[in-house]
Amino acid sequence: MTRTEETEILYQVCSLLLQAQADEQAFTEITCRLCSGLGASCCSLWLARSGGGRSQERLAIYQAVKDLPSELVNLDFTVAKQAIEQGQSLVWQKLRVGENQEMLLIASPLLRQAQVVGAVCLWFAPDTHAGNVTLMLVHQIIRNLAQGIYNYTYHSGVNGRSLSKELEMAAHIQTGLLPEKIPDIRGISLAMRSLMAHEVGGDYLDLFQTPNKLLGIAVGDVMGKGIPAALWMAMTRVALRTAARTFSQPDAVLEEVNRGLYPDLAGQSIFVTLQYALYEPVKKILFLANAGHLPPLIYHGRTGQFELLKVKGIYIGGLENYKFKLAGVQLKESDIVLFYSDGVTEAVNAEGQQFGLRKVVDVLEKNALFSAAEIADKLIIHLGQHIGDTRQRDDISFLLFKVE
Amino acid sequence: MRAVPIDKVRAGMQVSRAVYGASGETLLAAGVTLTPRYIQRLQELGVLALYIHDEEVGDLEINDVVSEKTRLQALKITKEAMDNIRLNPDLELAKVNSVVNDIVEELLSNKDIIVNLVDIRAMNDYTFGHSVNVAILSLITGIAMGYEREKLCKLGTGALFHDIGNTLLPENVLNQDRPLTGEEENLYQRHTVLGFEVLRKLENFSLSVAHVALQHHERYDGTGYPRQLQKGAINEFARIVAVTDLYDKLTSGWGGQPRCLPFQALELIIANREKFFHPDVVENFMNTVAVFPIGTLIMLNTQEKGVVVQTYKEYPTRPRVRVLADSGGKRMVPPYELDLALNPNCCIVRILDEGN
């Protein structure tokens with residue numbers, strides 16, 4: 001490849017990116033040019049998503065060669081996923097695609113100011129001579145693509161929100177605060193789900209193992225939306241995690257959180273509801289203290305009865321030096337405990353009807369034989385069937401565990 | 001291919017699975033392009049849904065748990081036996097045993113059986129298709145419960161003839177597309193006793209197998225009929241058939257009820273464990289049918305739309321999905337597939353209407 005040819009490709013890609021803020025058609029065009037310019041068989045461009053859900057969306061794909069193995073598109077997805085989630089790039093990697101066929105791959109995350117905004121994958125025939133494509137050129141293309149995709153997300157709001165820079169950051173903070181790994185606790189199955197509303201909400205879910213090997217579960221809601229809510233949520237999380245390391249009883253933990261946050265919260269019209277529970281897996285006892293949050297729902301699998309574990313308590317920031325109450329409940333095999341935000345029971349359908357607690361109980365009853373992950377998936381589907389295309393104002397989030 | 005309800009089927013669509021009549025005759029072959037006349041005829045025959053080839057969805061392989069040949073053979077033998085019983089109460093047991101054996105062998109040779117197909121049949125000949133499907137579902141449940149071959153064959157025969165008493169009822173009680181009146185219901189309930197009476201008189205027919213016909217409407221909590229038996233007092237095979245009978249009726253649209261999606265039927269059965277059904281049977285049954293069968297159109301939490309292409313026994317709510325459209329509704333060409341089992345951040349939020 002001559003220098004002029006290289007410059008030509010770069011010029012074409014850049015002008016496509018600049019043109020009309022790069023819409024989806026332009027991206028398809030770019031993948032097409034990259035294939036013809038670099039001699040690749042297939043090229044795909046991926047967008048990294050923020051907020052709930054999966055972390056990537058395909059912007060464009062172009063297959064320059066007919067009859068590529070059908071496995072290629074799935075492999076392409078996996079490679080892009082690794083690039084986006086782990087920042088992993090592959091250069092001239094030989095990969096088996098389908099039966100008895102190999103291809104060469106260049107895949108790279110697209111980075112803008114150290115943040116992954118997307119990924120690009122280029123697939124070549126196995127006999128392609130690597131020297132024909134200068135990596136310098138590929139690097140330059142990748143840099144330009146990163147900027148182009150950043151501009152695209154910034155202006156088109158593809159991440160599902162009316163994206164201003166600040167809201168995007170708030171969404172990042174929020175997603176980052178959800179626990180990454182679900183701890184493995186003896187004798188229970190555990191699952192959590194979160195569907196983000198179109199605005200940044202203040203729902204908060206956290207779970208962790210305490211120093212004395214109990215399961216700590218925190219759920220809360222910051223009244224208000226947007227950046228203040230996201231920031232208060234972040235502060236609450238830190239305060240709670242710190243308190244949970246020092247104090248072992250849920251009521252003491254909430255008192256400590258209230259002591260820490262009260263001075264700042266009291267002056268503002270923001271308040272935080274928060275519930276903190278501890279599960280003791282050997283004796284199967286759940287301890288709970290509550291600062292104005294919705295009581296957890298307990299479904300007794302053996303008897304088919306359900307109850308709300310109500311513990312009174314004022315919200316965080318309500319009263320200085322408030323004394324929280326402690327409650328405990330003995331759980332049995334096949335009991336299901338659900339912690340949820342009001343977004344679950346108040347999810348509305350097109351007719352304005354709320355999902356309601358009765359339906360939640362119904363779903364638990366109808367799926368009680370499954371383990372927590374399946375029950376959670378089913379609850380999400382029932383909520384989804386109810387909601388249809390109706391836009392929700394609140395986040396929908398919940399956490400449940402089942403004593404197996 | 002995917003299942004489409006008959007009222008959403010249009011001329012020009014291509015049928016991807018044959019529709020058979022009660023004697024195993026082909027009503028409509030696979031690959032046929034539908035015309036308004038075909039559709040009308042299928043409606044007259046009471047066919048509620050068809051498997052249609054869908055260009056956008058692409059190729060989907062949905063394997064039946066037994067071969068088409070065996071299913072048709074079973075259908076034919078069941079119909080012959082049931083038709084004959086009115087005239088001449090003598091059953092050709094050798095033929096029945098042989099086909100039940102075939103089904104058992106095929107199921108046993110098939111590891112990790114998971115039912116992905118909804119049996120599609122004409123309402124006019126409902127009983128036969130229903131009987132065969134209930135036998136197959138019961139056998140899969142029996143295998144899950146660890147039954148040996150001999151026990152499986154008994155279970156299969158009992159399930160195949162659980163509704164044999166229906167053939168002795170007046171036609172107007174059976175072919176109703178509305179709920180039965182009180183009087184009709186009383187008459188209908190007689191099919192259990194009638195069936196039992198026929199079967200127990202047969203030479204070489206096991207009494208415990210005949211009891212399936214008598215007891216398949218008994219309920220775990222003692223609210224069933226005809227004898228209000230409870231829990232352990234109910235015949236072991238009848239407990240299984242009670243579950244599979246209801247599941248098949250719900251998913252095929254029996255008695256004028258709208259067809260239930262498999263996951264809805266399954267939920268109803270789970271909710272009624274220890275009420276109608278024996279909990280052990282429910283637990284074993286629920287893992288044998290796909291919650292979201294191959295071909296189900298779904299929406300993901302990312303707002304992308306897709307179709308289920310593969311199901312996993314261990315992860316019933318997390319199938320492999322082919323993404324067909326992005327969050328903006330734009331078609332994915334070519335579509336890629338993702339495994340929900342490997343992508344915990346991603347989940348199904350809705351089942352999309354079969355017709356759209």
# chains A, B, ... in the order shown; residues from 1 in each chain; ligands from 1

$ select_by_dssp --residues "range 81-324 of chain B" --states "strand (DSSP E)" --output "number ranges by chain"
B: 297-300, 305-310, 320-324

$ interface_residues --of "chain B" --to "chain A" --cutoff "10 Å" --atoms "only C-alpha atoms" --output "count of residues only"
50

$ residues_around --residues "range 221-225 of chain B" --least-positions-apart "6" --cutoff "10 Å" --atoms "only C-alpha atoms" --output "ChimeraX atom specification"
/B:189-190,192-193,214-215,231,233-234,273-278

$ residues_around --residues "Ile141 in chain A" --least-positions-apart "3" --cutoff "10 Å" --atoms "only C-alpha atoms" --output "PyMOL selection string"
chain A and resi 9-11+13-14+34+110+120+135-138+144-146

$ select_by_dssp --residues "range 106-341 of chain B" --states "alpha helix (DSSP H)" --output "ChimeraX atom specification"
/B:106-108,126-144,149-160,171-174,182-200,207-215,236-252,262-271,279-285

$ residues_around --residues "His191 in chain B" --least-positions-apart "2" --cutoff "9 Å" --atoms "only C-alpha atoms" --output "list in words"
Asp163, Ile164, Gly165, Asn166, Thr167, Leu168, Leu169, Leu187, Tyr188, Gln189, Val193, Leu194, Gly195, Phe196, Ala213 and Leu214 of chain B

$ atom_distance --atom1 "CA of Ala83 in chain A" --atom2 "CA of Val65 in chain A"
23.9 Å

$ residues_around --residues "His130 in chain B" --least-positions-apart "3" --cutoff "9 Å" --atoms "only C-alpha atoms" --output "list in words"
Asp119, Arg121, Asp125, Tyr126, Thr127, Asn133, Val134, Ala135, Leu160, Asp245, Asp248, Lys249 and Ser252 of chain B

$ atom_distance --atom1 "CA of Leu400 in chain A" --atom2 "CA of Phe285 in chain B"
24.6 Å

$ residues_around --residues "range 138-154 of chain B" --least-positions-apart "4" --cutoff "8 Å" --atoms "only C-alpha atoms" --output "list in words"
Asn97, Val100, Asn101, Val104, Leu107, Leu108, Ile113, Val134, Gly158, Ala159, Ser206, Val209, Ile240, Val241, Thr244, Val281, Asn284, Phe285 and Thr288 of chain B

$ write_last_selection --atoms "N, CA and C atoms" --output "PDB file, in the first residue's frame"
ATOM      1  N   ASN B  97     -48.659 -51.516  22.515  1.00  0.00           N
ATOM      2  CA  ASN B  97     -47.402 -51.709  23.238  1.00  0.00           C
ATOM      3  C   ASN B  97     -46.201 -51.370  22.380  1.00  0.00           C
ATOM      4  N   VAL B 100     -45.851 -47.547  21.976  1.00  0.00           N
ATOM      5  CA  VAL B 100     -45.416 -46.930  23.241  1.00  0.00           C
ATOM      6  C   VAL B 100     -43.933 -47.244  23.464  1.00  0.00           C
ATOM      7  N   ASN B 101     -43.563 -48.471  23.147  1.00  0.00           N
ATOM      8  CA  ASN B 101     -42.162 -48.860  23.235  1.00  0.00           C
ATOM      9  C   ASN B 101     -41.261 -47.991  22.387  1.00  0.00           C
ATOM     10  N   VAL B 104     -40.836 -44.632  23.974  1.00  0.00           N
ATOM     11  CA  VAL B 104     -39.931 -44.731  25.124  1.00  0.00           C
ATOM     12  C   VAL B 104     -38.478 -44.826  24.669  1.00  0.00           C
ATOM     13  N   LEU B 107     -37.205 -41.516  23.290  1.00  0.00           N
ATOM     14  CA  LEU B 107     -36.993 -40.523  24.348  1.00  0.00           C
ATOM     15  C   LEU B 107     -35.758 -40.855  25.175  1.00  0.00           C
ATOM     16  N   LEU B 108     -35.567 -42.154  25.434  1.00  0.00           N
ATOM     17  CA  LEU B 108     -34.421 -42.542  26.253  1.00  0.00           C
ATOM     18  C   LEU B 108     -33.095 -42.327  25.529  1.00  0.00           C
ATOM     19  N   ILE B 113     -33.680 -33.937  27.126  1.00  0.00           N
ATOM     20  CA  ILE B 113     -34.882 -33.639  26.362  1.00  0.00           C
ATOM     21  C   ILE B 113     -35.503 -32.362  26.883  1.00  0.00           C
ATOM     22  N   VAL B 134     -49.966 -35.912  25.386  1.00  0.00           N
ATOM     23  CA  VAL B 134     -49.960 -36.136  26.835  1.00  0.00           C
ATOM     24  C   VAL B 134     -49.093 -37.357  27.160  1.00  0.00           C
ATOM     25  N   GLY B 158     -51.149 -45.791  29.808  1.00  0.00           N
ATOM     26  CA  GLY B 158     -52.180 -45.136  30.609  1.00  0.00           C
ATOM     27  C   GLY B 158     -52.452 -43.726  30.103  1.00  0.00           C
ATOM     28  N   ALA B 159     -51.378 -43.007  29.785  1.00  0.00           N
ATOM     29  CA  ALA B 159     -51.525 -41.626  29.322  1.00  0.00           C
ATOM     30  C   ALA B 159     -52.209 -41.586  27.956  1.00  0.00           C
ATOM     31  N   SER B 206     -53.239 -53.949  32.405  1.00  0.00           N
ATOM     32  CA  SER B 206     -52.921 -53.752  33.819  1.00  0.00           C
ATOM     33  C   SER B 206     -53.945 -52.847  34.496  1.00  0.00           C
ATOM     34  N   VAL B 209     -52.842 -49.326  35.176  1.00  0.00           N
ATOM     35  CA  VAL B 209     -52.854 -48.477  33.987  1.00  0.00           C
ATOM     36  C   VAL B 209     -54.270 -47.968  33.718  1.00  0.00           C
ATOM     37  N   ILE B 240     -49.128 -37.898  37.309  1.00  0.00           N
ATOM     38  CA  ILE B 240     -48.335 -37.292  36.232  1.00  0.00           C
ATOM     39  C   ILE B 240     -49.261 -36.802  35.126  1.00  0.00           C
ATOM     40  N   VAL B 241     -50.206 -37.661  34.753  1.00  0.00           N
ATOM     41  CA  VAL B 241     -51.102 -37.310  33.644  1.00  0.00           C
ATOM     42  C   VAL B 241     -51.960 -36.088  33.997  1.00  0.00           C
ATOM     43  N   THR B 244     -49.704 -33.154  32.902  1.00  0.00           N
ATOM     44  CA  THR B 244     -49.435 -33.027  31.474  1.00  0.00           C
ATOM     45  C   THR B 244     -50.727 -32.795  30.685  1.00  0.00           C
ATOM     46  N   VAL B 281     -44.202 -34.210  41.096  1.00  0.00           N
ATOM     47  CA  VAL B 281     -44.458 -34.285  39.660  1.00  0.00           C
ATOM     48  C   VAL B 281     -44.215 -32.908  39.036  1.00  0.00           C
ATOM     49  N   ASN B 284     -40.556 -32.139  38.613  1.00  0.00           N
ATOM     50  CA  ASN B 284     -39.916 -32.856  37.512  1.00  0.00           C
ATOM     51  C   ASN B 284     -40.429 -32.410  36.150  1.00  0.00           C
ATOM     52  N   PHE B 285     -41.693 -32.057  36.116  1.00  0.00           N
ATOM     53  CA  PHE B 285     -42.271 -31.648  34.835  1.00  0.00           C
ATOM     54  C   PHE B 285     -41.727 -30.302  34.359  1.00  0.00           C
ATOM     55  N   THR B 288     -38.895 -30.046  31.954  1.00  0.00           N
ATOM     56  CA  THR B 288     -38.910 -30.776  30.691  1.00  0.00           C
ATOM     57  C   THR B 288     -39.437 -29.937  29.528  1.00  0.00           C
TER      58      THR B 288
END

$ atom_distance --atom1 "CA of Ala81 in chain B" --atom2 "CA of Gly129 in chain B"
13.6 Å

$ closest_residue --among "B:Glu105, B:Glu61, B:Val212, B:Ala74" --to "Arg239 in chain B" --atoms "only C-alpha atoms"
B:Val212

$ closest_residue --among "A:Ser269, A:Leu105, A:Ser189, A:Thr134" --to "Glu6 in chain A" --atoms "only C-alpha atoms"
A:Thr134

$ closest_residue --among "A:Met233, A:Ile188, A:Ala130, A:Leu122" --to "Asp221 in chain A" --atoms "only C-alpha atoms"
A:Met233
